[in-house]
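Here's the structure we're looking at; comments come further down.
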Amino acid sequence: MPDSRVLVTGASGFIGSHLVDALLELGCEVHVQIRETSNRRWLSSPEIQFHNADLSDPGPLENTIASMDYIFHCAGVTKAKTRSGYFSVNAEYCEPFYQLCLDTGKNLKSIVHLSSLAAVGPCLPGEEVNEKTPCNPLTLYGKSKLAGEEVARHFASKIPILILRPPVVYGPREENFYSFIKLLNNGWALQVGRTERKLSLIYVSDMVNAMLKGMTPDLSGGCYFTTDGEEYSWGQVYQTAEKLLGIQSRTLRLPESLFHLGAVLSEGFSWFAGTVPLLDKQRVKEIRQSAWTASTKKFMEDYGYQPQYDLHSGLKQTLEWYKSNQWL
Ligand SMILES: NC(=O)c1ccc[n+]([C@@H]2O[C@H](COP(=O)([O-])OP(=O)(O)OC[C@H]3O[C@@H](n4cnc5c(N)ncnc54)[C@H](OP(=O)(O)O)[C@@H]3O)[C@@H](O)[C@H]2O)c1
């Protein structure tokens, strides 16, 4: 693995930037795809080799791809205003990108494609989805991630492609999970309705290690869920964070209908402001589900994956980072 030439797409993002750090640490020659407009705040190492390209036109990456050993496709959109906003990046742009990999990537040993639990959808409380569960995505995001997987699978017979489906990934630099913790730190544990909602989680270092398994010789390929192996309720997330922060919060229990109203207002405001809403009707659909839980057993068996962090240790690292970076 050291000295391998590796390209990371979506390197300016949360997961991509952590992966870049890990690859540098391993001694790889790290190339990153970014856009003119991408924020480089997490990409400060002088060893990183930058390549400007929007994936709507991957052409400028041709020469780079030609000399790569591995590619990690992390570019994606988790929030968008329209259906095409999700489908373009998460699915349509995968096609010309993988075609270019097939045409020019003569040294390519494998590609890791980042999908999501959302491509399969939620489940009933007490259950967890696995690799045999039929896909039934609920939101435009989930549907677009499934469409992206289908593109990846189309190319997987010609190039080894490992598709990974994480649940919520949390850790330093991530801003969605952080917004809940920030509210908690201000004294409020936000709960939706009266139902206890279950979720799988994965700390970003474990996610990065799971992705690095894609560089295992002779094992690349397939589609797997990657979690920390546990199932949590939001109540557990808050209690763990409270203990680590040494605070006590009050529960802010909002009815589901209020979230729907909030989403309508937020979408209206964002439409006028030309921004992507923080809360929209798609997000509310996700929030209303009782369980977003998945089993990572098959990835453990097939790839020898062993998560190193549970909620307590992952949150500890995350909160320490928030504090030392003045996020809290
Ligand atoms: N975070 C999670 O909890 C989670 C869970 C499951 C799956 N995933 C998947 O993991 C991947 C990475 O997620 P993340 O949380 O790291 O997202 P993120 O922080 O929003 O980063 C997304 C990255 O994609 C890039 N990108 C977006 N549109 C692009 C385009 N047209 N051309 C080239 N690059 C483009 C962004 O570049 P700019 O900086 O220029 O915008 C950014 O580098 C996504 O595919 C996501 O669906 C994430």
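Ordering of the structure tokens sets the chain letters (A, B, ...), residue numbers begin anew at 1 in every chain, and ligands are numbered from 1 in the order given.
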* Can you list every residue in range 28-202 of chain A that DSSP puts in alpha helix (DSSP H), as a VMD selection string? -> chain A and resid 62 to 66 83 to 87 94 to 104 140 to 155 176 to 185
Resulting file, chosen residues, C-alpha atoms, as a PDB file, in the first residue's frame:
```
ATOM      1  CA  GLU A  62      -7.809  11.778 -17.655  1.00  0.00           C
ATOM      2  CA  ASN A  63      -4.013  11.928 -17.289  1.00  0.00           C
ATOM      3  CA  THR A  64      -4.229  11.578 -13.515  1.00  0.00           C
ATOM      4  CA  ILE A  65      -6.508   8.541 -13.659  1.00  0.00           C
ATOM      5  CA  ALA A  66      -4.125   6.935 -16.163  1.00  0.00           C
ATOM      6  CA  ARG A  83     -34.346  16.055  -7.680  1.00  0.00           C
ATOM      7  CA  SER A  84     -31.758  16.786 -10.350  1.00  0.00           C
ATOM      8  CA  GLY A  85     -29.521  18.347  -7.698  1.00  0.00           C
ATOM      9  CA  TYR A  86     -29.295  14.910  -6.037  1.00  0.00           C
ATOM     10  CA  PHE A  87     -29.322  12.715  -9.135  1.00  0.00           C
ATOM     11  CA  CYS A  94     -20.660   8.512 -11.997  1.00  0.00           C
ATOM     12  CA  GLU A  95     -21.182   7.184 -15.513  1.00  0.00           C
ATOM     13  CA  PRO A  96     -18.620   9.339 -17.426  1.00  0.00           C
ATOM     14  CA  PHE A  97     -16.256   9.151 -14.453  1.00  0.00           C
ATOM     15  CA  TYR A  98     -16.222   5.339 -14.329  1.00  0.00           C
ATOM     16  CA  GLN A  99     -16.087   5.184 -18.127  1.00  0.00           C
ATOM     17  CA  LEU A 100     -12.935   7.324 -17.995  1.00  0.00           C
ATOM     18  CA  CYS A 101     -11.525   5.016 -15.302  1.00  0.00           C
ATOM     19  CA  LEU A 102     -12.242   2.014 -17.509  1.00  0.00           C
ATOM     20  CA  ASP A 103     -10.767   3.629 -20.629  1.00  0.00           C
ATOM     21  CA  THR A 104      -7.621   5.123 -19.122  1.00  0.00           C
ATOM     22  CA  LEU A 140     -34.573  11.652  -3.223  1.00  0.00           C
ATOM     23  CA  TYR A 141     -31.136  11.406  -1.635  1.00  0.00           C
ATOM     24  CA  GLY A 142     -31.557   7.661  -1.045  1.00  0.00           C
ATOM     25  CA  LYS A 143     -32.954   7.108  -4.543  1.00  0.00           C
ATOM     26  CA  SER A 144     -30.046   8.997  -6.107  1.00  0.00           C
ATOM     27  CA  LYS A 145     -27.505   6.995  -4.060  1.00  0.00           C
ATOM     28  CA  LEU A 146     -29.143   3.760  -5.248  1.00  0.00           C
ATOM     29  CA  ALA A 147     -28.972   5.031  -8.843  1.00  0.00           C
ATOM     30  CA  GLY A 148     -25.255   5.735  -8.264  1.00  0.00           C
ATOM     31  CA  GLU A 149     -24.765   2.180  -6.989  1.00  0.00           C
ATOM     32  CA  GLU A 150     -26.417   0.862 -10.140  1.00  0.00           C
ATOM     33  CA  VAL A 151     -23.897   2.759 -12.271  1.00  0.00           C
ATOM     34  CA  ALA A 152     -21.055   1.390 -10.114  1.00  0.00           C
ATOM     35  CA  ARG A 153     -22.414  -2.156 -10.415  1.00  0.00           C
ATOM     36  CA  HIS A 154     -22.598  -1.778 -14.195  1.00  0.00           C
ATOM     37  CA  PHE A 155     -18.833  -1.127 -14.270  1.00  0.00           C
ATOM     38  CA  ASN A 176     -24.973  18.020  10.687  1.00  0.00           C
ATOM     39  CA  PHE A 177     -24.396  15.807  13.728  1.00  0.00           C
ATOM     40  CA  TYR A 178     -22.550  18.756  15.251  1.00  0.00           C
ATOM     41  CA  SER A 179     -25.682  20.938  15.080  1.00  0.00           C
ATOM     42  CA  PHE A 180     -27.480  18.502  17.456  1.00  0.00           C
ATOM     43  CA  ILE A 181     -24.528  18.496  19.862  1.00  0.00           C
ATOM     44  CA  LYS A 182     -24.270  22.286  19.746  1.00  0.00           C
ATOM     45  CA  LEU A 183     -27.941  22.573  20.728  1.00  0.00           C
ATOM     46  CA  LEU A 184     -27.324  20.030  23.497  1.00  0.00           C
ATOM     47  CA  ASN A 185     -24.378  22.062  24.737  1.00  0.00           C
TER      48      ASN A 185
END
```
Review point. Mind listing the residues within 9 Å of ligand 1, only C-alpha atoms and all ligand atoms counted, as an MDAnalysis selection string?
Key: chainID A and resid 9:18 33:40 52:58 73:79 88:90 93 113:118 141:142 145 164:170 173:177 201:202 204
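Of the residues listed (A:Asp310, A:Glu128, A:Asp218, A:Glu29), A:Asp218 shows the shortest atom-to-atom separation from Leu162 in chain A; distances use only C-alpha atoms.
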- prompt: So which bits of range 108-304 of chain A end up strand (DSSP E or B) when you DSSP the backbone, as an MDAnalysis selection string?
  reply: chainID A and resid 110:114 123 129 161:165 168:170 188:192 198:199 201:203 222:225 232:233 250:254 291:292 294
Counting only C-alpha atoms, closest pick from A:Gly214, A:Pro125, A:Pro277, A:Pro46 relative to Thr195 in chain A is A:Pro125
Report, in Å with one decimal, the straight-line distance from CA of Lys109 in chain A to CA of Ile161 in chain A.
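Pair CA of Lys109 in chain A / CA of Ile161 in chain A returns 9.2 Å.
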Grab the CA of Gln326 in chain A to CA of Leu19 in chain A distance for me, in Å with one decimal place.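 Distance reported for this atom pair: 23.0 Å.
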